[in-house]
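Raw contents of data-v2.pdb, PDB, C-alpha atoms, pLDDT in the B column:
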```
MODEL        1
ATOM      1  CA  MET A 163      88.636  88.445-108.006  1.00 83.00           C
ATOM      2  CA  TYR A 164      87.205  91.087-105.656  1.00 89.00           C
ATOM      3  CA  LEU A 165      86.094  88.378-103.263  1.00 90.00           C
ATOM      4  CA  HIS A 166      89.471  86.665-103.337  1.00 91.00           C
ATOM      5  CA  ILE A 167      91.367  89.865-102.488  1.00 94.00           C
ATOM      6  CA  LEU A 168      89.066  90.647 -99.564  1.00 95.00           C
ATOM      7  CA  TRP A 169      89.048  87.052 -98.309  1.00 93.00           C
ATOM      8  CA  ASN A 170      92.844  86.935 -98.160  1.00 93.00           C
ATOM      9  CA  ILE A 171      93.089  90.174 -96.167  1.00 95.00           C
ATOM     10  CA  LEU A 172      90.326  89.247 -93.719  1.00 94.00           C
ATOM     11  CA  LYS A 173      91.517  85.690 -93.183  1.00 92.00           C
ATOM     12  CA  TYR A 174      95.206  86.601 -92.919  1.00 93.00           C
ATOM     13  CA  PRO A 175      95.160  90.150 -91.479  1.00 91.00           C
ATOM     14  CA  LYS A 176      98.797  90.038 -90.331  1.00 90.00           C
ATOM     15  CA  ASN A 177     100.222  88.700 -93.582  1.00 93.00           C
ATOM     16  CA  ILE A 178     101.798  91.631 -95.422  1.00 92.00           C
ATOM     17  CA  LYS A 179     101.860  89.913 -98.811  1.00 93.00           C
ATOM     18  CA  TYR A 180      98.069  90.194 -99.125  1.00 94.00           C
ATOM     19  CA  ARG A 181      98.310  93.976 -98.726  1.00 94.00           C
ATOM     20  CA  GLN A 182     100.482  94.326-101.832  1.00 95.00           C
ATOM     21  CA  ILE A 183      99.305  93.674-105.375  1.00 94.00           C
ATOM     22  CA  SER A 184     101.689  93.596-108.304  1.00 94.00           C
ATOM     23  CA  TYR A 185     100.435  95.615-111.262  1.00 93.00           C
ATOM     24  CA  GLN A 186     102.130  93.269-113.728  1.00 94.00           C
ATOM     25  CA  ALA A 187     100.696  90.160-112.066  1.00 92.00           C
ATOM     26  CA  LEU A 188      97.270  91.824-112.076  1.00 90.00           C
ATOM     27  CA  CYS A 189      97.515  92.585-115.806  1.00 90.00           C
ATOM     28  CA  ASP A 190      98.726  89.065-116.593  1.00 89.00           C
ATOM     29  CA  TYR A 191      95.830  87.531-114.667  1.00 88.00           C
ATOM     30  CA  LEU A 192      93.213  89.744-116.306  1.00 89.00           C
ATOM     31  CA  ASP A 193      94.723  89.134-119.737  1.00 87.00           C
ATOM     32  CA  SER A 194      94.453  85.375-119.192  1.00 90.00           C
ATOM     33  CA  LYS A 195      90.725  85.845-118.551  1.00 83.00           C
ATOM     34  CA  CYS A 196      90.019  88.431-121.262  1.00 84.00           C
ATOM     35  CA  HIS A 197      92.046  86.985-124.141  1.00 81.00           C
ATOM     36  CA  PRO A 198      90.059  83.727-124.605  1.00 83.00           C
ATOM     37  CA  LEU A 199      86.830  85.758-124.646  1.00 81.00           C
ATOM     38  CA  GLY A 200      88.141  88.447-126.964  1.00 80.00           C
ATOM     39  CA  ALA A 201      87.366  91.034-124.284  1.00 82.00           C
ATOM     40  CA  ASP A 202      89.101  94.400-123.995  1.00 86.00           C
ATOM     41  CA  LEU A 203      91.702  94.383-121.227  1.00 85.00           C
ATOM     42  CA  GLU A 204      91.842  98.118-120.442  1.00 90.00           C
ATOM     43  CA  PRO A 205      88.278  98.504-119.068  1.00 87.00           C
ATOM     44  CA  MET A 206      88.847  95.495-116.814  1.00 89.00           C
ATOM     45  CA  ILE A 207      92.055  96.985-115.421  1.00 90.00           C
ATOM     46  CA  ALA A 208      90.257 100.284-114.758  1.00 92.00           C
ATOM     47  CA  LYS A 209      87.433  98.447-112.999  1.00 92.00           C
ATOM     48  CA  ILE A 210      89.808  96.516-110.738  1.00 93.00           C
ATOM     49  CA  GLU A 211      91.775  99.667-109.926  1.00 94.00           C
ATOM     50  CA  ASN A 212      88.565 101.458-108.917  1.00 95.00           C
ATOM     51  CA  PHE A 213      87.773  98.528-106.651  1.00 95.00           C
ATOM     52  CA  LEU A 214      91.234  98.656-105.058  1.00 96.00           C
ATOM     53  CA  GLN A 215      90.790 102.356-104.357  1.00 96.00           C
ATOM     54  CA  SER A 216      87.402 101.661-102.754  1.00 96.00           C
ATOM     55  CA  ILE A 217      89.007  99.283-100.238  1.00 96.00           C
ATOM     56  CA  GLU A 218      91.761 101.837 -99.548  1.00 95.00           C
ATOM     57  CA  PHE A 219      94.645 100.556-101.626  1.00 96.00           C
ATOM     58  CA  LYS A 220      96.894 103.185-103.184  1.00 95.00           C
ATOM     59  CA  LYS A 221      99.004 102.992-106.320  1.00 95.00           C
ATOM     60  CA  GLY A 222     102.722 103.414-105.654  1.00 95.00           C
ATOM     61  CA  ASN A 223     105.403 105.049-107.776  1.00 95.00           C
ATOM     62  CA  ASP A 224     106.289 101.575-109.074  1.00 95.00           C
ATOM     63  CA  ASP A 225     102.666 101.128-110.318  1.00 93.00           C
ATOM     64  CA  ASN A 226     102.028  98.403-107.751  1.00 96.00           C
ATOM     65  CA  TRP A 227      99.140  98.682-105.284  1.00 96.00           C
ATOM     66  CA  TYR A 228      99.563  98.912-101.501  1.00 96.00           C
ATOM     67  CA  TYR A 229      97.068  98.872 -98.643  1.00 95.00           C
ATOM     68  CA  GLN A 230      97.261 102.272 -96.944  1.00 94.00           C
ATOM     69  CA  HIS A 231      96.814 101.289 -93.284  1.00 93.00           C
ATOM     70  CA  ASN A 232      99.177  99.526 -90.899  1.00 90.00           C
ATOM     71  CA  ARG A 233      96.166  97.954 -89.212  1.00 90.00           C
ATOM     72  CA  ILE A 234      93.432  96.734 -91.500  1.00 92.00           C
ATOM     73  CA  GLN A 235      90.109  98.567 -91.320  1.00 95.00           C
ATOM     74  CA  VAL A 236      88.122  95.457 -90.485  1.00 95.00           C
ATOM     75  CA  LEU A 237      84.628  96.949 -90.446  1.00 95.00           C
ATOM     76  CA  HIS A 238      85.002  98.613 -93.849  1.00 96.00           C
ATOM     77  CA  LEU A 239      86.541  95.510 -95.428  1.00 96.00           C
ATOM     78  CA  TRP A 240      83.857  93.283 -93.909  1.00 96.00           C
ATOM     79  CA  ASN A 241      81.081  95.465 -95.334  1.00 95.00           C
ATOM     80  CA  CYS A 242      82.719  95.314 -98.776  1.00 95.00           C
ATOM     81  CA  TYR A 243      83.174  91.561 -98.431  1.00 94.00           C
ATOM     82  CA  GLN A 244      79.515  91.051 -97.548  1.00 91.00           C
ATOM     83  CA  LYS A 245      78.474  93.083-100.576  1.00 90.00           C
ATOM     84  CA  TYR A 246      80.290  90.729-102.944  1.00 88.00           C
ATOM     85  CA  ILE A 247      79.310  87.632-100.964  1.00 86.00           C
ATOM     86  CA  ASN A 248      75.653  88.525-101.468  1.00 80.00           C
ATOM     87  CA  GLU A 249      76.201  88.550-105.222  1.00 76.00           C
ATOM     88  CA  GLN A 250      77.030  84.849-105.192  1.00 66.00           C
ATOM     89  CA  THR A 251      74.401  82.865-107.030  1.00 51.00           C
ATOM     90  CA  VAL A 252      72.898  79.808-105.413  1.00 48.00           C
ATOM     91  CA  TYR A 253      71.150  77.349-107.678  1.00 42.00           C
ATOM     92  CA  VAL A 254      68.895  74.482-106.648  1.00 40.00           C
ATOM     93  CA  PHE A 255      67.178  71.783-108.644  1.00 39.00           C
ATOM     94  CA  ILE A 256      63.396  71.599-108.176  1.00 39.00           C
ATOM     95  CA  LEU A 257      61.446  68.607-109.391  1.00 39.00           C
ATOM     96  CA  LEU A 258      58.174  69.611-111.049  1.00 40.00           C
ATOM     97  CA  PHE A 259      56.133  66.462-110.593  1.00 43.00           C
ATOM     98  CA  PHE A 260      53.395  67.463-113.026  1.00 41.00           C
ATOM     99  CA  PHE A 261      55.853  67.686-115.927  1.00 41.00           C
ATOM    100  CA  PHE A 262      58.380  65.019-114.818  1.00 42.00           C
ATOM    101  CA  PHE A 263      61.373  67.230-115.553  1.00 39.00           C
ATOM    102  CA  PHE A 264      64.110  68.813-113.509  1.00 36.00           C
ATOM    103  CA  PHE A 265      64.344  72.554-113.982  1.00 38.00           C
ATOM    104  CA  LEU A 266      67.174  74.732-112.846  1.00 40.00           C
ATOM    105  CA  TYR A 267      65.941  77.671-110.844  1.00 38.00           C
ATOM    106  CA  LYS A 268      67.788  80.571-109.366  1.00 39.00           C
ATOM    107  CA  MET A 269      66.566  80.585-105.807  1.00 46.00           C
ATOM    108  CA  ARG A 270      67.719  82.214-102.603  1.00 49.00           C
ATOM    109  CA  TYR A 271      66.911  80.739 -99.253  1.00 55.00           C
ATOM    110  CA  PRO A 272      66.538  83.234 -96.407  1.00 66.00           C
ATOM    111  CA  ILE A 273      70.106  84.204 -95.592  1.00 71.00           C
ATOM    112  CA  PRO A 274      71.004  84.306 -91.882  1.00 82.00           C
ATOM    113  CA  LYS A 275      72.750  87.558 -91.032  1.00 86.00           C
ATOM    114  CA  ARG A 276      73.773  86.616 -87.493  1.00 89.00           C
ATOM    115  CA  VAL A 277      74.462  83.396 -85.640  1.00 92.00           C
ATOM    116  CA  CYS A 278      75.291  82.274 -82.129  1.00 93.00           C
ATOM    117  CA  MET A 279      78.261  79.936 -81.974  1.00 94.00           C
ATOM    118  CA  LEU A 280      79.805  78.075 -79.049  1.00 93.00           C
ATOM    119  CA  LEU A 281      83.414  79.166 -78.579  1.00 89.00           C
ATOM    120  CA  ASP A 282      85.554  78.292 -75.551  1.00 87.00           C
ATOM    121  CA  GLU A 283      82.417  77.031 -73.787  1.00 87.00           C
ATOM    122  CA  LYS A 284      80.661  80.392 -74.251  1.00 90.00           C
ATOM    123  CA  TRP A 285      77.941  81.338 -76.732  1.00 91.00           C
ATOM    124  CA  GLU A 286      78.989  84.327 -78.835  1.00 93.00           C
ATOM    125  CA  GLU A 287      77.039  86.246 -81.480  1.00 94.00           C
ATOM    126  CA  TYR A 288      78.598  86.885 -84.883  1.00 95.00           C
ATOM    127  CA  LYS A 289      77.698  88.298 -88.235  1.00 94.00           C
ATOM    128  CA  ILE A 290      78.034  85.497 -90.766  1.00 93.00           C
ATOM    129  CA  ALA A 291      78.966  85.197 -94.443  1.00 91.00           C
ATOM    130  CA  PHE A 292      78.948  82.047 -96.579  1.00 87.00           C
ATOM    131  CA  ASP A 293      81.859  82.022 -99.016  1.00 87.00           C
ATOM    132  CA  TYR A 294      81.218  79.233-101.529  1.00 82.00           C
ATOM    133  CA  GLN A 295      84.196  80.238-103.653  1.00 81.00           C
ATOM    134  CA  HIS A 296      86.613  79.468-100.822  1.00 85.00           C
ATOM    135  CA  ARG A 297      84.352  76.931 -99.061  1.00 85.00           C
ATOM    136  CA  THR A 298      84.596  79.005 -95.901  1.00 89.00           C
ATOM    137  CA  ILE A 299      82.201  80.333 -93.289  1.00 91.00           C
ATOM    138  CA  MET A 300      83.334  83.774 -92.147  1.00 94.00           C
ATOM    139  CA  LEU A 301      82.299  85.090 -88.731  1.00 95.00           C
ATOM    140  CA  PHE A 302      82.620  88.740 -87.728  1.00 96.00           C
ATOM    141  CA  ASP A 303      82.742  89.758 -84.061  1.00 95.00           C
ATOM    142  CA  GLU A 304      81.490  93.355 -84.020  1.00 93.00           C
ATOM    143  CA  SER A 305      82.577  94.045 -80.447  1.00 91.00           C
ATOM    144  CA  GLU A 306      86.153  92.856 -80.990  1.00 92.00           C
ATOM    145  CA  LEU A 307      86.350  93.817 -84.684  1.00 93.00           C
ATOM    146  CA  LYS A 308      87.802  90.411 -85.474  1.00 93.00           C
ATOM    147  CA  VAL A 309      87.047  87.891 -88.197  1.00 95.00           C
ATOM    148  CA  GLN A 310      87.152  84.137 -87.721  1.00 93.00           C
ATOM    149  CA  SER A 311      86.960  81.583 -90.495  1.00 92.00           C
ATOM    150  CA  LEU A 312      85.677  78.021 -90.499  1.00 92.00           C
ATOM    151  CA  GLN A 313      87.205  76.019 -93.334  1.00 88.00           C
ATOM    152  CA  VAL A 314      84.546  73.458 -94.210  1.00 84.00           C
ATOM    153  CA  GLY A 315      85.934  72.153 -97.484  1.00 71.00           C
ATOM    154  CA  ASN A 316      88.844  72.244 -99.877  1.00 69.00           C
ATOM    155  CA  PRO A 317      89.270  75.925-100.899  1.00 65.00           C
ATOM    156  CA  LYS A 318      90.692  74.792-104.258  1.00 66.00           C
ATOM    157  CA  LYS A 319      87.406  73.116-105.155  1.00 62.00           C
ATOM    158  CA  SER A 320      84.769  75.796-105.611  1.00 57.00           C
ATOM    159  CA  SER A 321      81.217  74.560-105.124  1.00 56.00           C
ATOM    160  CA  LEU A 322      77.743  75.936-104.492  1.00 55.00           C
ATOM    161  CA  GLU A 323      77.432  73.673-101.475  1.00 58.00           C
ATOM    162  CA  PHE A 324      79.694  72.746 -98.588  1.00 64.00           C
ATOM    163  CA  ASN A 325      79.012  68.950 -98.405  1.00 67.00           C
ATOM    164  CA  VAL A 326      78.978  68.981 -94.621  1.00 82.00           C
ATOM    165  CA  ASN A 327      77.619  66.859 -91.812  1.00 89.00           C
ATOM    166  CA  ILE A 328      74.792  68.545 -89.880  1.00 92.00           C
ATOM    167  CA  GLN A 329      73.169  67.247 -86.706  1.00 93.00           C
ATOM    168  CA  TYR A 330      70.115  68.803 -85.054  1.00 94.00           C
ATOM    169  CA  TYR A 331      69.414  68.938 -81.334  1.00 92.00           C
ATOM    170  CA  ASN A 332      67.446  71.087 -78.891  1.00 91.00           C
ATOM    171  CA  ASP A 333      68.817  72.642 -75.731  1.00 87.00           C
ATOM    172  CA  PHE A 334      67.275  74.339 -72.708  1.00 82.00           C
ATOM    173  CA  ASP A 335      69.363  76.974 -70.928  1.00 73.00           C
ATOM    174  CA  VAL A 336      68.417  76.722 -67.255  1.00 62.00           C
ATOM    175  CA  GLU A 337      71.182  79.007 -65.957  1.00 69.00           C
ATOM    176  CA  HIS A 338      71.072  82.183 -68.051  1.00 67.00           C
ATOM    177  CA  THR A 339      68.357  82.750 -70.654  1.00 65.00           C
ATOM    178  CA  HIS A 340      65.853  80.108 -69.452  1.00 71.00           C
ATOM    179  CA  ALA A 341      65.036  79.617 -73.122  1.00 81.00           C
ATOM    180  CA  LYS A 342      64.741  76.667 -75.441  1.00 87.00           C
ATOM    181  CA  TRP A 343      67.245  76.788 -78.286  1.00 90.00           C
ATOM    182  CA  ALA A 344      67.227  75.115 -81.689  1.00 91.00           C
ATOM    183  CA  CYS A 345      70.813  73.943 -82.177  1.00 93.00           C
ATOM    184  CA  LEU A 346      72.922  72.238 -84.791  1.00 94.00           C
ATOM    185  CA  ILE A 347      76.396  70.729 -84.923  1.00 94.00           C
ATOM    186  CA  LEU A 348      78.444  71.316 -88.056  1.00 93.00           C
ATOM    187  CA  ASN A 349      80.993  68.655 -89.030  1.00 91.00           C
ATOM    188  CA  HIS A 350      80.909  67.182 -85.497  1.00 91.00           C
ATOM    189  CA  ILE A 351      82.851  70.245 -84.267  1.00 92.00           C
ATOM    190  CA  TRP A 352      81.078  73.600 -84.397  1.00 94.00           C
ATOM    191  CA  HIS A 353      77.889  74.247 -82.416  1.00 95.00           C
ATOM    192  CA  PHE A 354      75.351  76.880 -83.486  1.00 95.00           C
ATOM    193  CA  ARG A 355      72.010  77.825 -81.955  1.00 92.00           C
ATOM    194  CA  ALA A 356      68.943  79.910 -82.798  1.00 89.00           C
ATOM    195  CA  MET A 357      65.827  80.982 -80.919  1.00 84.00           C
ATOM    196  CA  GLU A 358      63.520  79.869 -83.726  1.00 86.00           C
ATOM    197  CA  PHE A 359      63.509  76.510 -85.487  1.00 88.00           C
ATOM    198  CA  GLN A 360      63.071  78.198 -88.875  1.00 88.00           C
ATOM    199  CA  ASP A 361      66.281  80.183 -88.275  1.00 88.00           C
ATOM    200  CA  ARG A 362      68.147  76.945 -87.656  1.00 89.00           C
ATOM    201  CA  ASP A 363      66.627  75.497 -90.825  1.00 88.00           C
ATOM    202  CA  ALA A 364      67.725  78.570 -92.801  1.00 86.00           C
ATOM    203  CA  LEU A 365      71.283  78.139 -91.525  1.00 88.00           C
ATOM    204  CA  ALA A 366      71.278  74.438 -92.398  1.00 87.00           C
ATOM    205  CA  ASN A 367      69.928  75.216 -95.885  1.00 82.00           C
ATOM    206  CA  ARG A 368      72.806  77.583 -96.551  1.00 80.00           C
ATOM    207  CA  LEU A 369      75.299  74.916 -95.553  1.00 78.00           C
ATOM    208  CA  SER A 370      73.871  71.880 -97.327  1.00 72.00           C
TER     209      SER A 370
ENDMDL
END
```

Could you quickly redo this structure as C-alpha cells?
Amino acid sequence: MYLHILWNILKYPKNIKYRQISYQALCDYLDSKCHPLGADLEPMIAKIENFLQSIEFKKGNDDNWYYQHNRIQVLHLWNCYQKYINEQTVYVFILLFFFFFFFLYKMRYPIPKRVCMLLDEKWEEYKIAFDYQHRTIMLFDESELKVQSLQVGNPKKSSLEFNVNIQYYNDFDVEHTHAKWACLILNHIWHFRAMEFQDRDALANRLS
C-alpha cells in the first residue's frame, strides 16, 4: 500500500485526489486484508498513519489525511519511493543440472541506479526505479526535480517481470563524448545506453 500511495503522487503530481486519503476508506481497505487472516486491525492502522506522517500527510479535523504542501516535495517522496521499491522481491528459477530439479531462489541482480535515456533527440541521465507492482519504470531527473514514467505493461496485472521486447546495439558518439556506448531499445520505443556492457546487461536483466 505504501508503494501505491507514493506511485500515484509521483506519477500524477497535479492530481489533487491523490493528496487526500479518506480515513474510512483506509480502514475498510485494511479490514478487508486483516479480516481473512484474523489479524488485528488497530496496529495496521497505526502503522499506515505513521507512514503517512513520514511522507508529510497531516490528519484533518474530519479524520481524513491531507498532503501538507501545495507543490509536492519530489525529492523526499522519491527517496521514500525508492526505499519501498528496493524491498520488492525478485525471484528467479535456477536449474541445478546435477540434481535435475528446479529450485526457487531469492536472487537479486545488480540493480542499476542511474540510466541514460534518449529523450527529444538528447541523451539525459536519470535515477531509475523498477516498479513491478505497477509494471512501470520510473525515471527521476535530479536537475529538474521531475519524475517520468514508462508504462511497460498492464498496471492491473502485477508481475515480477515486464515481458518486454529488448534489442541490443552498439553506438559510437563521434561528436561529443567520442566513446563507444552499449545501447538497448525497449519495446521498439525507448533507447537507453551505458558505458559498460555489463551495465547494459544489468538493465536488461531487471526488465526481462

State, in Å with one decimal place, the distance from CA of Leu365 (chain A) to CA of Ile351 (chain A). 15.8 Å

Pick out the residues sitting within 6 Å of Leu301 (chain A), and hand them over as a PDB file with C-alpha atoms, in the frame of the given file; count only C-alpha atoms, and ignore anything fewer than 6 positions along from it in its own chain.
```pdb
ATOM      1  CA  TYR A 288      78.598  86.885 -84.883  1.00 95.00           C
ATOM      2  CA  LYS A 289      77.698  88.298 -88.235  1.00 94.00           C
ATOM      3  CA  ILE A 290      78.034  85.497 -90.766  1.00 93.00           C
ATOM      4  CA  VAL A 309      87.047  87.891 -88.197  1.00 95.00           C
ATOM      5  CA  GLN A 310      87.152  84.137 -87.721  1.00 93.00           C
TER       6      GLN A 310
END
```

Determine the residue set returned by the PyMOL selection byres ((chain A and resi 207) around 12) for the present structure, and present it as a JSON list (two decimals) with C-alpha atoms, in the coordinates of the input.
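Result file follows (out_23.json):
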```
[["chain", "number", "residue", "atom", "x", "y", "z"],
["A", 163, "MET", "CA", 88.64, 88.44, -108.01],
["A", 185, "TYR", "CA", 100.44, 95.62, -111.26],
["A", 186, "GLN", "CA", 102.13, 93.27, -113.73],
["A", 187, "ALA", "CA", 100.70, 90.16, -112.07],
["A", 188, "LEU", "CA", 97.27, 91.82, -112.08],
["A", 189, "CYS", "CA", 97.52, 92.58, -115.81],
["A", 190, "ASP", "CA", 98.73, 89.06, -116.59],
["A", 191, "TYR", "CA", 95.83, 87.53, -114.67],
["A", 192, "LEU", "CA", 93.21, 89.74, -116.31],
["A", 193, "ASP", "CA", 94.72, 89.13, -119.74],
["A", 195, "LYS", "CA", 90.72, 85.84, -118.55],
["A", 196, "CYS", "CA", 90.02, 88.43, -121.26],
["A", 201, "ALA", "CA", 87.37, 91.03, -124.28],
["A", 202, "ASP", "CA", 89.10, 94.40, -124.00],
["A", 203, "LEU", "CA", 91.70, 94.38, -121.23],
["A", 204, "GLU", "CA", 91.84, 98.12, -120.44],
["A", 205, "PRO", "CA", 88.28, 98.50, -119.07],
["A", 206, "MET", "CA", 88.85, 95.50, -116.81],
["A", 208, "ALA", "CA", 90.26, 100.28, -114.76],
["A", 209, "LYS", "CA", 87.43, 98.45, -113.00],
["A", 210, "ILE", "CA", 89.81, 96.52, -110.74],
["A", 211, "GLU", "CA", 91.78, 99.67, -109.93],
["A", 212, "ASN", "CA", 88.56, 101.46, -108.92],
["A", 213, "PHE", "CA", 87.77, 98.53, -106.65],
["A", 214, "LEU", "CA", 91.23, 98.66, -105.06]]
```

As a check of understanding, name the residues that the PyMOL selection byres ((chain A and resi 275-283) around 10) selects in the supplied structure, as a PDB file with C-alpha atoms, keeping the file's coordinate frame.
```pdb
ATOM      1  CA  PRO A 272      66.538  83.234 -96.407  1.00 66.00           C
ATOM      2  CA  ILE A 273      70.106  84.204 -95.592  1.00 71.00           C
ATOM      3  CA  PRO A 274      71.004  84.306 -91.882  1.00 82.00           C
ATOM      4  CA  LYS A 284      80.661  80.392 -74.251  1.00 90.00           C
ATOM      5  CA  TRP A 285      77.941  81.338 -76.732  1.00 91.00           C
ATOM      6  CA  GLU A 286      78.989  84.327 -78.835  1.00 93.00           C
ATOM      7  CA  GLU A 287      77.039  86.246 -81.480  1.00 94.00           C
ATOM      8  CA  TYR A 288      78.598  86.885 -84.883  1.00 95.00           C
ATOM      9  CA  LYS A 289      77.698  88.298 -88.235  1.00 94.00           C
ATOM     10  CA  ILE A 290      78.034  85.497 -90.766  1.00 93.00           C
ATOM     11  CA  ALA A 291      78.966  85.197 -94.443  1.00 91.00           C
ATOM     12  CA  PHE A 292      78.948  82.047 -96.579  1.00 87.00           C
ATOM     13  CA  LEU A 301      82.299  85.090 -88.731  1.00 95.00           C
ATOM     14  CA  PHE A 302      82.620  88.740 -87.728  1.00 96.00           C
ATOM     15  CA  CYS A 345      70.813  73.943 -82.177  1.00 93.00           C
ATOM     16  CA  LEU A 346      72.922  72.238 -84.791  1.00 94.00           C
ATOM     17  CA  ILE A 347      76.396  70.729 -84.923  1.00 94.00           C
ATOM     18  CA  ILE A 351      82.851  70.245 -84.267  1.00 92.00           C
ATOM     19  CA  TRP A 352      81.078  73.600 -84.397  1.00 94.00           C
ATOM     20  CA  HIS A 353      77.889  74.247 -82.416  1.00 95.00           C
ATOM     21  CA  PHE A 354      75.351  76.880 -83.486  1.00 95.00           C
ATOM     22  CA  ARG A 355      72.010  77.825 -81.955  1.00 92.00           C
ATOM     23  CA  ALA A 356      68.943  79.910 -82.798  1.00 89.00           C
ATOM     24  CA  MET A 357      65.827  80.982 -80.919  1.00 84.00           C
ATOM     25  CA  ASP A 361      66.281  80.183 -88.275  1.00 88.00           C
ATOM     26  CA  ARG A 362      68.147  76.945 -87.656  1.00 89.00           C
ATOM     27  CA  LEU A 365      71.283  78.139 -91.525  1.00 88.00           C
TER      28      LEU A 365
END
```

If the box runs along x, y and z of the file and leaves 6 Å on each side of region 210-224 of chain A, what are its centre and edge lengths in Å, one decimal, as JSON?
```
{"center_x": 96.8, "center_y": 100.8, "center_z": -105.1, "size_x": 30.9, "size_y": 20.5, "size_z": 23.2}
```

CA of Val314 (chain A) to CA of Lys173 (chain A): how many Å, to one decimal?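 These atoms are spaced 14.1 Å apart.
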
CA of Lys342 (chain A) to CA of Lys308 (chain A): how many Å, to one decimal?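 Between these atoms lies a distance of 28.7 Å.
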
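Selection check: the PyMOL selection byres ((chain A and resi 217) around 8) on the shown file gives A:Phe213, A:Leu214, A:Gln215, A:Ser216, A:Glu218, A:Phe219, A:His238, A:Leu239, A:Cys242.
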
Which residue is closest to Ile234 (chain A)? Choose from A:Ala366, A:Ile171, A:Ala344, A:Leu165 and count all atoms listed in the file.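 Closest candidate: A:Ile171.
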
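The protein and nucleic acid residues lying at most 8 Å from Arg181 (chain A) are Ile171, Asn177, Tyr228 and Tyr229 of chain A, with only C-alpha atoms considered and sequence neighbours fewer than 4 positions away removed.
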